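K.L.:
data-v4.cif (mmCIF, C-alpha atoms and all ligand atoms) pasted underneath:
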data_final
loop_
_atom_site.label_atom_id
_atom_site.label_comp_id
_atom_site.auth_asym_id
_atom_site.auth_seq_id
_atom_site.Cartn_x
_atom_site.Cartn_y
_atom_site.Cartn_z
CA MET J 1 0.00 0.00 0.00
CA ALA J 2 2.91 2.39 0.89
CA ASP J 3 0.39 4.95 2.14
CA ARG J 4 1.85 7.60 4.48
CA LYS J 5 -1.22 9.84 4.43
CA ARG J 6 -3.74 7.87 6.47
CA PRO J 7 -2.74 6.99 10.06
CA VAL J 8 -2.07 3.53 11.48
CA LEU J 9 -3.89 2.63 14.70
CA VAL J 10 -1.82 0.74 17.31
CA THR J 11 -3.79 -1.12 20.03
CA GLY J 12 -1.94 -2.15 23.19
CA ALA J 13 0.11 1.01 22.70
CA SER J 14 1.14 1.25 26.35
CA GLY J 15 2.64 -2.26 26.35
CA GLU J 16 6.12 -3.66 25.84
CA LEU J 17 6.05 -4.56 22.15
CA ALA J 18 4.47 -1.22 21.29
CA GLY J 19 7.41 0.42 23.07
CA LEU J 20 9.76 -1.36 20.65
CA LEU J 21 7.60 -0.73 17.59
CA ILE J 22 6.33 2.86 17.82
CA PRO J 23 9.71 4.60 17.21
CA GLY J 24 10.28 2.33 14.18
CA LEU J 25 6.86 3.09 12.67
CA LEU J 26 7.35 6.83 13.19
CA ALA J 27 10.82 6.60 11.58
CA ALA J 28 9.21 4.83 8.60
CA GLY J 29 6.99 7.88 8.12
CA PHE J 30 3.66 6.66 9.52
CA GLU J 31 1.32 8.92 11.42
CA LEU J 32 0.02 6.97 14.43
CA ILE J 33 -3.07 6.82 16.58
CA LEU J 34 -2.22 5.00 19.80
CA THR J 35 -4.82 3.34 22.00
CA ASP J 36 -4.80 1.38 25.24
CA LEU J 37 -6.73 0.90 28.45
CA ARG J 38 -3.76 2.14 30.44
CA PRO J 39 -2.24 5.61 30.07
CA PHE J 40 0.64 5.93 27.61
CA PRO J 41 3.95 5.61 29.50
CA GLY J 42 5.76 8.95 29.17
CA GLU J 43 5.22 11.63 26.58
CA VAL J 44 3.25 10.79 23.44
CA PRO J 45 5.82 11.14 20.62
CA LYS J 46 5.56 13.67 17.79
CA GLY J 47 3.60 12.17 14.91
CA ALA J 48 1.28 10.26 17.26
CA ARG J 49 -1.77 10.94 19.39
CA PHE J 50 -3.25 8.80 22.17
CA ILE J 51 -6.87 7.76 22.72
CA ALA J 52 -7.74 5.85 25.92
CA ALA J 53 -10.24 3.06 25.14
CA ASP J 54 -11.24 -0.39 26.36
CA LEU J 55 -11.29 -3.03 23.62
CA THR J 56 -14.01 -4.95 25.44
CA ASP J 57 -16.49 -2.05 25.15
CA ARG J 58 -17.07 -2.55 21.43
CA ALA J 59 -19.38 0.37 20.68
CA ALA J 60 -17.32 2.86 22.68
CA PHE J 61 -14.05 1.61 21.16
CA VAL J 62 -15.31 1.88 17.58
CA ALA J 63 -16.80 5.33 18.27
CA ALA J 64 -13.58 6.55 19.91
CA ILE J 65 -11.49 6.12 16.76
CA ASP J 66 -12.60 9.28 15.05
CA ALA J 67 -10.26 9.44 12.02
CA PRO J 68 -9.76 7.45 8.81
CA ILE J 69 -7.06 4.78 9.25
CA GLN J 70 -5.27 2.55 6.75
CA ALA J 71 -4.34 -0.29 9.12
CA ILE J 72 -4.69 -1.51 12.68
CA MET J 73 -1.64 -3.03 14.38
CA HIS J 74 -3.43 -5.10 17.00
CA LEU J 75 -1.22 -5.69 20.05
CA GLY J 76 -3.78 -5.10 22.82
CA GLY J 77 -4.94 -7.81 25.19
CA ILE J 78 -3.66 -10.42 27.62
CA ARG J 79 -0.25 -11.76 26.64
CA ALA J 80 -0.10 -15.06 28.52
CA GLU J 81 -2.33 -17.80 29.86
CA GLY J 82 -5.00 -16.67 32.32
CA PRO J 83 -8.50 -17.54 33.49
CA ALA J 84 -10.50 -18.74 30.47
CA ASP J 85 -13.35 -16.27 31.10
CA LEU J 86 -10.95 -13.34 31.17
CA ILE J 87 -9.23 -14.48 27.95
CA LEU J 88 -12.70 -14.82 26.38
CA GLU J 89 -13.68 -11.32 27.38
CA VAL J 90 -10.45 -9.50 26.55
CA ASN J 91 -8.75 -11.43 23.73
CA PHE J 92 -11.72 -12.95 21.93
CA GLY J 93 -13.96 -9.93 22.60
CA GLY J 94 -11.21 -7.41 21.85
CA ALA J 95 -10.40 -9.07 18.53
CA LEU J 96 -14.03 -8.79 17.46
CA SER J 97 -13.95 -5.07 18.27
CA VAL J 98 -10.83 -4.67 16.14
CA TYR J 99 -12.39 -6.46 13.16
CA GLU J 100 -15.61 -4.44 13.47
CA LEU J 101 -13.54 -1.26 13.41
CA ALA J 102 -11.45 -2.51 10.46
CA HIS J 103 -14.65 -3.25 8.55
CA ALA J 104 -16.12 0.16 9.35
CA LYS J 105 -12.91 1.96 8.29
CA SER J 106 -11.92 -0.29 5.33
CA ALA J 107 -8.61 -0.84 7.12
CA ARG J 108 -6.17 -3.77 7.06
CA VAL J 109 -5.50 -5.69 10.29
CA VAL J 110 -1.96 -6.66 11.27
CA PHE J 111 -2.39 -9.02 14.19
CA ALA J 112 0.13 -10.01 16.87
CA SER J 113 -0.73 -13.68 16.80
CA SER J 114 1.56 -16.10 18.56
CA ASN J 115 3.50 -19.34 18.34
CA HIS J 116 1.09 -20.59 21.01
CA VAL J 117 -1.44 -21.46 18.27
CA ILE J 118 0.86 -24.42 17.52
CA GLY J 119 2.55 -24.80 20.93
CA PHE J 120 1.64 -28.46 21.46
CA HIS J 121 3.67 -29.61 18.45
CA THR J 122 6.86 -31.32 19.59
CA ARG J 123 10.23 -29.68 19.11
CA GLU J 124 11.28 -32.42 16.66
CA THR J 125 8.55 -31.28 14.25
CA HIS J 126 9.36 -28.65 11.62
CA LEU J 127 6.18 -26.72 10.84
CA THR J 128 4.79 -24.70 7.97
CA ILE J 129 1.60 -22.65 8.11
CA ALA J 130 -0.20 -25.59 6.45
CA ASP J 131 0.27 -27.72 9.58
CA PRO J 132 -2.62 -28.13 12.00
CA TYR J 133 -3.21 -25.76 14.88
CA ARG J 134 -2.29 -27.25 18.27
CA PRO J 135 -2.96 -24.47 20.79
CA ASP J 136 -1.24 -24.92 24.14
CA SER J 137 -3.52 -22.66 26.22
CA HIS J 138 -6.74 -20.64 26.21
CA TYR J 139 -4.41 -17.77 25.26
CA GLY J 140 -3.24 -19.72 22.19
CA LEU J 141 -6.85 -20.52 21.38
CA SER J 142 -7.69 -16.80 21.43
CA LYS J 143 -4.95 -16.22 18.83
CA LEU J 144 -6.34 -19.04 16.69
CA TYR J 145 -9.82 -17.52 16.97
CA THR J 146 -8.51 -14.15 15.81
CA GLU J 147 -6.70 -15.69 12.83
CA MET J 148 -10.02 -17.34 11.88
CA LEU J 149 -11.87 -14.06 12.42
CA GLY J 150 -9.49 -12.58 9.85
CA ARG J 151 -10.39 -15.32 7.40
CA LEU J 152 -14.13 -14.75 7.95
CA TYR J 153 -13.88 -10.96 7.64
CA LEU J 154 -11.94 -11.29 4.36
CA ASP J 155 -14.40 -13.75 2.84
CA LYS J 156 -17.48 -11.90 4.04
CA ASN J 157 -16.42 -8.26 4.15
CA GLY J 158 -13.16 -7.91 2.19
CA VAL J 159 -11.09 -6.99 5.27
CA GLU J 160 -7.42 -7.94 4.69
CA SER J 161 -5.18 -9.33 7.45
CA VAL J 162 -1.58 -10.26 8.09
CA HIS J 163 -1.30 -12.57 11.08
CA LEU J 164 2.16 -12.43 12.63
CA ARG J 165 2.81 -15.67 14.54
CA ILE J 166 5.38 -14.11 16.83
CA GLY J 167 7.89 -16.34 18.62
CA SER J 168 9.70 -14.38 21.36
CA CYS J 169 10.32 -10.70 20.69
CA LEU J 170 13.15 -9.63 22.98
CA GLN J 171 16.28 -7.47 22.79
CA ARG J 172 18.24 -10.72 22.73
CA PRO J 173 17.51 -14.43 23.27
CA LEU J 174 17.78 -15.45 26.93
CA ASP J 175 17.49 -19.26 26.87
CA THR J 176 17.93 -22.20 24.51
CA ARG J 177 14.26 -22.13 23.39
CA HIS J 178 14.70 -18.56 22.23
CA LEU J 179 17.43 -19.72 19.81
CA SER J 180 14.51 -21.15 17.80
CA THR J 181 11.82 -18.55 18.59
CA TRP J 182 13.65 -15.19 18.74
CA LEU J 183 12.40 -12.12 16.86
CA SER J 184 14.77 -9.16 17.14
CA PRO J 185 13.24 -5.70 17.64
CA ARG J 186 14.63 -4.51 14.31
CA ASP J 187 13.15 -7.50 12.46
CA PHE J 188 9.86 -6.93 14.30
CA ILE J 189 9.70 -3.37 12.97
CA ALA J 190 10.59 -4.53 9.42
CA LEU J 191 7.92 -7.24 9.63
CA VAL J 192 5.19 -4.81 10.66
CA VAL J 193 6.19 -2.21 8.04
CA ALA J 194 6.13 -4.94 5.36
CA ALA J 195 2.72 -6.16 6.58
CA ILE J 196 1.26 -2.65 6.35
CA ASP J 197 2.88 -1.73 3.02
CA ALA J 198 2.44 -4.97 1.04
CA PRO J 199 -0.08 -4.62 -1.80
CA GLU J 200 -3.07 -6.99 -1.69
CA VAL J 201 -2.32 -9.45 1.10
CA GLY J 202 -5.71 -11.12 1.39
CA ASN J 203 -5.25 -13.29 4.47
CA ALA J 204 -1.52 -13.84 5.09
CA ILE J 205 0.27 -15.74 7.87
CA VAL J 206 3.92 -15.02 8.64
CA TRP J 207 6.10 -16.52 11.39
CA GLY J 208 7.35 -13.65 13.55
CA ILE J 209 10.95 -14.80 13.88
CA SER J 210 14.38 -13.64 12.82
CA ALA J 211 16.55 -15.67 10.38
CA ASN J 212 17.42 -18.14 13.17
CA THR J 213 19.59 -21.13 12.22
CA ARG J 214 17.60 -23.26 14.70
CA ALA J 215 14.11 -22.09 13.62
CA TRP J 216 11.28 -24.64 13.91
CA TRP J 217 9.11 -22.80 11.38
CA SER J 218 9.19 -21.87 7.69
CA GLY J 219 6.86 -22.12 4.67
CA ASP J 220 4.81 -18.97 5.28
CA ASP J 221 3.78 -15.78 3.46
CA ALA J 222 6.97 -13.82 4.34
CA ALA J 223 8.14 -13.51 0.71
CA ARG J 224 4.64 -12.52 -0.42
CA ILE J 225 4.60 -9.52 1.95
CA GLY J 226 8.30 -8.73 1.41
CA TYR J 227 9.62 -9.58 4.89
CA VAL J 228 13.36 -10.34 4.89
CA PRO J 229 14.75 -10.84 8.42
CA GLN J 230 18.28 -9.59 9.12
CA ASP J 231 19.17 -11.08 12.53
CA ASN J 232 20.03 -14.62 13.67
CA SER J 233 19.90 -15.83 17.29
CA GLU J 234 22.91 -18.07 16.63
CA ILE J 235 25.35 -15.30 17.58
CA TYR J 236 24.03 -15.67 21.15
CA ALA J 237 24.23 -19.49 21.21
CA ASP J 238 27.15 -19.61 23.64
CA SER J 239 25.70 -17.09 26.05
CA VAL J 240 22.05 -18.18 26.57
CA LYS J 241 20.88 -20.16 29.62
CA ALA J 242 19.97 -23.83 29.29
CA GLU J 243 16.16 -24.04 29.53
CA THR J 244 14.91 -25.81 32.65
CA GLY J 245 11.40 -26.84 33.72
CA GLU J 246 8.85 -29.58 33.41
CA PRO J 247 9.45 -32.32 30.79
CA ILE J 248 6.20 -31.44 28.95
CA ALA J 249 7.32 -27.84 28.60
CA LEU J 250 10.76 -28.87 27.39
CA ALA J 251 9.34 -31.32 24.83
CA HIS J 252 6.92 -28.92 23.13
CA GLN J 253 7.36 -25.75 21.08
CA GLY J 254 5.13 -23.63 23.34
CA GLY J 255 7.36 -24.36 26.35
CA VAL J 256 5.96 -23.30 29.69
CA PHE J 257 2.56 -22.35 28.17
CA CYS J 258 1.94 -26.12 27.80
CA VAL J 259 1.82 -26.45 31.59
CA MET J 260 0.41 -23.08 32.70
CA PRO J 261 -2.83 -23.38 34.70
CA SER J 262 -5.88 -21.53 33.38
P1 LIG O 301 1.76 -6.17 27.05
O1 LIG O 301 0.96 -6.84 28.12
O2 LIG O 301 2.99 -5.43 27.46
O3 LIG O 301 0.82 -5.16 26.23
C1 LIG O 301 -0.53 -5.41 26.00
C2 LIG O 301 -1.29 -4.12 26.18
O4 LIG O 301 -2.68 -4.39 25.97
C3 LIG O 301 -1.16 -3.51 27.59
O5 LIG O 301 -0.61 -2.21 27.52
C4 LIG O 301 -2.59 -3.52 28.12
O6 LIG O 301 -2.91 -2.38 28.91
C5 LIG O 301 -3.41 -3.55 26.85
N1 LIG O 301 -4.75 -4.07 27.11
C6 LIG O 301 -5.08 -5.17 27.85
N2 LIG O 301 -6.41 -5.29 27.93
C7 LIG O 301 -6.94 -4.25 27.23
C8 LIG O 301 -8.28 -3.83 26.96
N3 LIG O 301 -9.34 -4.49 27.44
N4 LIG O 301 -8.46 -2.71 26.22
C9 LIG O 301 -7.40 -2.02 25.73
N5 LIG O 301 -6.10 -2.37 25.97
C10 LIG O 301 -5.89 -3.48 26.70
O7 LIG O 301 2.12 -7.29 25.96
P2 LIG O 301 3.26 -7.26 24.84
O8 LIG O 301 4.38 -8.12 25.28
O9 LIG O 301 3.50 -5.86 24.42
O10 LIG O 301 2.52 -8.05 23.67
C11 LIG O 301 1.72 -7.36 22.76
C12 LIG O 301 0.93 -8.39 21.95
O11 LIG O 301 1.83 -9.25 21.26
C13 LIG O 301 0.04 -9.29 22.80
O12 LIG O 301 -1.20 -9.47 22.13
C14 LIG O 301 0.79 -10.61 22.84
O13 LIG O 301 -0.11 -11.69 22.96
C15 LIG O 301 1.47 -10.59 21.48
N6 LIG O 301 2.67 -11.44 21.44
C16 LIG O 301 3.80 -11.05 22.10
C17 LIG O 301 4.95 -11.83 22.04
C18 LIG O 301 6.24 -11.38 22.68
O14 LIG O 301 7.27 -12.00 22.42
N7 LIG O 301 6.21 -10.34 23.54
C19 LIG O 301 4.96 -13.10 21.32
C20 LIG O 301 3.69 -13.42 20.66
C21 LIG O 301 2.61 -12.58 20.72
C1 LIG O 302 3.86 -15.09 23.68
O1 LIG O 302 2.85 -15.24 23.00
C2 LIG O 302 3.87 -14.16 24.83
O2 LIG O 302 3.04 -13.04 24.64
C3 LIG O 302 5.28 -13.69 25.19
O3 LIG O 302 5.24 -13.05 26.45
C4 LIG O 302 6.27 -14.87 25.21
O4 LIG O 302 5.95 -15.75 26.23
C5 LIG O 302 6.24 -15.59 23.86
O5 LIG O 302 4.92 -15.92 23.47
C6 LIG O 302 7.07 -16.88 23.84
O6 LIG O 302 6.54 -17.92 23.47
O7 LIG O 302 8.26 -16.81 24.15
#
Let me see whether you can do it: turn the structure in this file into structure tokens.
Ligand code: NAI
Ligand code: 15L

P.N.:
Amino acid sequence: MADRKRPVLVTGASGELAGLLIPGLLAAGFELILTDLRPFPGEVPKGARFIAADLTDRAAFVAAIDAPIQAIMHLGGIRAEGPADLILEVNFGGALSVYELAHAKSARVVFASSNHVIGFHTRETHLTIADPYRPDSHYGLSKLYTEMLGRLYLDKNGVESVHLRIGSCLQRPLDTRHLSTWLSPRDFIALVVAAIDAPEVGNAIVWGISANTRAWWSGDDAARIGYVPQDNSEIYADSVKAETGEPIALAHQGGVFCVMPS
């Protein structure tokens, strides 16, 4: 699309990943509308404005976004396993609000999906996006639901989506699992810019990882949207911690999410 005239909306703008992403999107020339339940930490940067809104209050959320937007970078919600009813309300309910807004505004959705949609595959299995979902938690199930919501809203309403199945977005990998799942902040920014700018994406799925030698995942829509990762976790291989924990967590791609209570 390469549109720098209409703003991009960022949900979950007061959270950690937004903190990594917002400077990169501003540097790429996007005007931003930031939204979150919590106040924005610090000063709202030049080129952005902040609107406080709760994703679970659908009508109020949709009404609060008062400008035309070209895309929604959806980061808002609960980022780990939690009580199923809470995940239902915030992650399932919030995703529906985002898709209703995208439909109303004719905007593309770029969704922070997660590796936890496939977390119960074993670590010996190399996956492509054609492999079956195996969610490891109600959290993972909420990501699966949102990917499917994207499919439905494309088929029914023409709303395009890029679902980013993010591994572990951190400044650097911390343990041996991250050698497979790491997404560097600079690759994260490049991935989101590509997802917004790519012409005609339909319903794309891209693994949110760097060019890791030990990656468990490939065979996605990265080339179609023009995402070319630059970093590789391997340079940290001698300095990460050995992963410890329960055997089920160590055997499966989702790690500790496979044993988290809900
Ligand atoms: P975070 O917890 O730091 O940020 C999430 C933000 O969503 C928070 O600022 C929170 O206030 C906001 N939020 C929660 N409920 C809300 C509601 N009802 N209405 C409006 N805003 C609400 O999480 P983080 O690490 O920044 O992750 C962002 C997204 O990326 C999450 O959806 C997470 O599931 C996803 N993700 C993150 C990965 C990572 O490596 N950090 C990996 C895979 C996915
Ligand atoms: C996620 O989906 C979480 O949001 C993040 O906090 C990490 O736990 C990440 O997955 C991971 O699997 O490392």

K.L.:
Adding 3 Å on each side of the box along x, y and z that holds all listed atoms of segment 167-170 of chain J, could you give its centre and edge lengths in Å to one decimal, as JSON?

P.N.:
{"center_x": 10.5, "center_y": -13.0, "center_z": 20.8, "size_x": 11.3, "size_y": 12.7, "size_z": 10.4}

K.L.:
Residues at most 6 Å from ligand LIG 301 (chain O), using only C-alpha atoms and all ligand atoms? Could they come as a ChimeraX atom specification?

P.N.:
/J:12-18,36-38,53-56,75-79,90,112-114,166-169

K.L.:
Counting only C-alpha atoms, which residue out of J:Leu170, J:Trp207, J:Asp175, J:Gly219 sits closest to Thr244 of chain J?

P.N.:
J:Asp175

K.L.:
With distances taken over all atoms listed in the file, which residue among J:Leu174, J:Leu179, J:Ala107, J:Val201 lies nearest Lys241 of chain J?

P.N.:
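Closest candidate: J:Leu174.
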
K.L.:
At what distance in Å, to one decimal, does atom CA of Phe111 of chain J lie from atom CA of Pro185 of chain J?

P.N.:
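The value is 16.3 Å.
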
K.L.:
Which one of J:Val228, J:Ala223, J:Ala48, J:Val162 sits closest to Ser210 of chain J if you count all atoms listed in the file?

P.N.:
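Closest to Ser210 of chain J, using all atoms listed in the file: J:Val228.
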
K.L.:
Please measure the separation of atom CA of Thr213 of chain J and atom CA of Asp187 of chain J, giving the value in Å to one decimal.

P.N.:
15.1 Å

K.L.:
Within 10 Å of Leu96 of chain J, counting all atoms listed in the file, which residues show up once you throw out same-chain ones fewer than 3 positions away? Write them as JSON, numbers by chain, please.

P.N.:
{"J": [55, 56, 58, 90, 91, 92, 93, 99, 100, 101, 102, 145, 146, 149, 150]}

K.L.:
For Trp216 of chain J, list every protein, DNA or RNA residue within 9 Å, evaluated using only C-alpha atoms, and leave out those in the same chain fewer than 4 positions away; present the list as JSON, numbers by chain.

P.N.:
{"J": [123, 124, 125, 126, 127, 128, 180, 181, 212, 253]}

K.L.:
Using only C-alpha atoms and all ligand atoms, which residue out of J:Val159, J:Leu183, J:Ala71, J:Ala59 lies closest to ligand LIG 302 (chain O)?

P.N.:
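Smallest separation from ligand LIG 302 (chain O) among the options: J:Leu183.
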
K.L.:
Which of these, J:Asp197, J:Glu31, J:Glu147, J:Asp238, has the shortest distance to Arg6 of chain J once you count all atoms listed in the file?

P.N.:
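Ranking J:Asp197, J:Glu31, J:Glu147, J:Asp238 by distance to Arg6 of chain J, first place goes to J:Glu31.
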
K.L.:
To one decimal place in Å, what is the distance between atom CA of Phe50 of chain J and atom CA of Thr35 of chain J?

P.N.:
5.7 Å

K.L.:
Which residue out of J:Thr11, J:Leu26, J:Ile189, J:Ala64 has the minimum interatomic distance to Phe40 of chain J when all atoms listed in the file are used?

P.N.:
J:Thr11

K.L.:
Residues around (26.7, -16.0, 13.2), cut-off 12 Å, counting all atoms listed in the file - what are they as a ChimeraX atom specification?

P.N.:
/J:179,211-214,230-238

K.L.:
Do you know which residues are at most 12 Å from Thr122 of chain J counting only C-alpha atoms, after dropping those on the same chain fewer than 2 positions away, and could you put them as a list in words?

P.N.:
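Answer for this query is Ile118, Gly119, Phe120, Glu124, Thr125, His126, Leu127, Arg134, Asp136, Trp216, Pro247, Ile248, Ala249, Leu250, Ala251, His252, Gln253, Gly254, Gly255 and Cys258 of chain J.
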
K.L.:
Could you take the residues named above and write them with C-alpha atoms, as a short mmCIF file (atom, residue, chain, number, x, y, z; two decimals), in the coordinates of the input?

P.N.:
data_model
loop_
_atom_site.label_atom_id
_atom_site.label_comp_id
_atom_site.auth_asym_id
_atom_site.auth_seq_id
_atom_site.Cartn_x
_atom_site.Cartn_y
_atom_site.Cartn_z
CA ILE J 118 0.86 -24.42 17.52
CA GLY J 119 2.55 -24.80 20.93
CA PHE J 120 1.64 -28.46 21.46
CA GLU J 124 11.28 -32.42 16.66
CA THR J 125 8.55 -31.28 14.25
CA HIS J 126 9.36 -28.65 11.62
CA LEU J 127 6.18 -26.72 10.84
CA ARG J 134 -2.29 -27.25 18.27
CA ASP J 136 -1.24 -24.92 24.14
CA TRP J 216 11.28 -24.64 13.91
CA PRO J 247 9.45 -32.32 30.79
CA ILE J 248 6.20 -31.44 28.95
CA ALA J 249 7.32 -27.84 28.60
CA LEU J 250 10.76 -28.87 27.39
CA ALA J 251 9.34 -31.32 24.83
CA HIS J 252 6.92 -28.92 23.13
CA GLN J 253 7.36 -25.75 21.08
CA GLY J 254 5.13 -23.63 23.34
CA GLY J 255 7.36 -24.36 26.35
CA CYS J 258 1.94 -26.12 27.80
#

K.L.:
From the block I gave, I'd like segment 10-21 of chain J written with N, CA and C atoms, as a JSON list (two decimals), in the first residue's frame.

P.N.:
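Once written, decode-v3.json looks like this:
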[["chain", "number", "residue", "atom", "x", "y", "z"],
["J", 10, "VAL", "N", -2.55, 1.77, 16.55],
["J", 10, "VAL", "CA", -1.82, 0.74, 17.31],
["J", 10, "VAL", "C", -2.59, 0.47, 18.60],
["J", 11, "THR", "N", -3.16, -0.75, 18.75],
["J", 11, "THR", "CA", -3.79, -1.12, 20.03],
["J", 11, "THR", "C", -2.69, -1.69, 20.95],
["J", 12, "GLY", "N", -2.96, -1.67, 22.24],
["J", 12, "GLY", "CA", -1.94, -2.15, 23.19],
["J", 12, "GLY", "C", -0.73, -1.23, 23.20],
["J", 13, "ALA", "N", -0.98, 0.06, 22.92],
["J", 13, "ALA", "CA", 0.11, 1.01, 22.70],
["J", 13, "ALA", "C", 0.92, 1.33, 23.95],
["J", 14, "SER", "N", 0.38, 0.98, 25.13],
["J", 14, "SER", "CA", 1.14, 1.25, 26.35],
["J", 14, "SER", "C", 1.96, 0.02, 26.78],
["J", 15, "GLY", "N", 1.96, -1.02, 25.98],
["J", 15, "GLY", "CA", 2.64, -2.26, 26.35],
["J", 15, "GLY", "C", 4.07, -2.33, 25.85],
["J", 16, "GLU", "N", 4.68, -3.49, 26.13],
["J", 16, "GLU", "CA", 6.12, -3.66, 25.84],
["J", 16, "GLU", "C", 6.45, -3.67, 24.36],
["J", 17, "LEU", "N", 5.72, -4.49, 23.57],
["J", 17, "LEU", "CA", 6.05, -4.56, 22.15],
["J", 17, "LEU", "C", 5.80, -3.23, 21.46],
["J", 18, "ALA", "N", 4.75, -2.54, 21.87],
["J", 18, "ALA", "CA", 4.47, -1.22, 21.29],
["J", 18, "ALA", "C", 5.65, -0.29, 21.56],
["J", 19, "GLY", "N", 6.25, -0.42, 22.74],
["J", 19, "GLY", "CA", 7.41, 0.42, 23.07],
["J", 19, "GLY", "C", 8.57, 0.19, 22.11],
["J", 20, "LEU", "N", 8.70, -1.05, 21.63],
["J", 20, "LEU", "CA", 9.76, -1.36, 20.65],
["J", 20, "LEU", "C", 9.37, -0.87, 19.25],
["J", 21, "LEU", "N", 8.07, -0.94, 18.97],
["J", 21, "LEU", "CA", 7.60, -0.73, 17.59],
["J", 21, "LEU", "C", 7.36, 0.74, 17.22]]
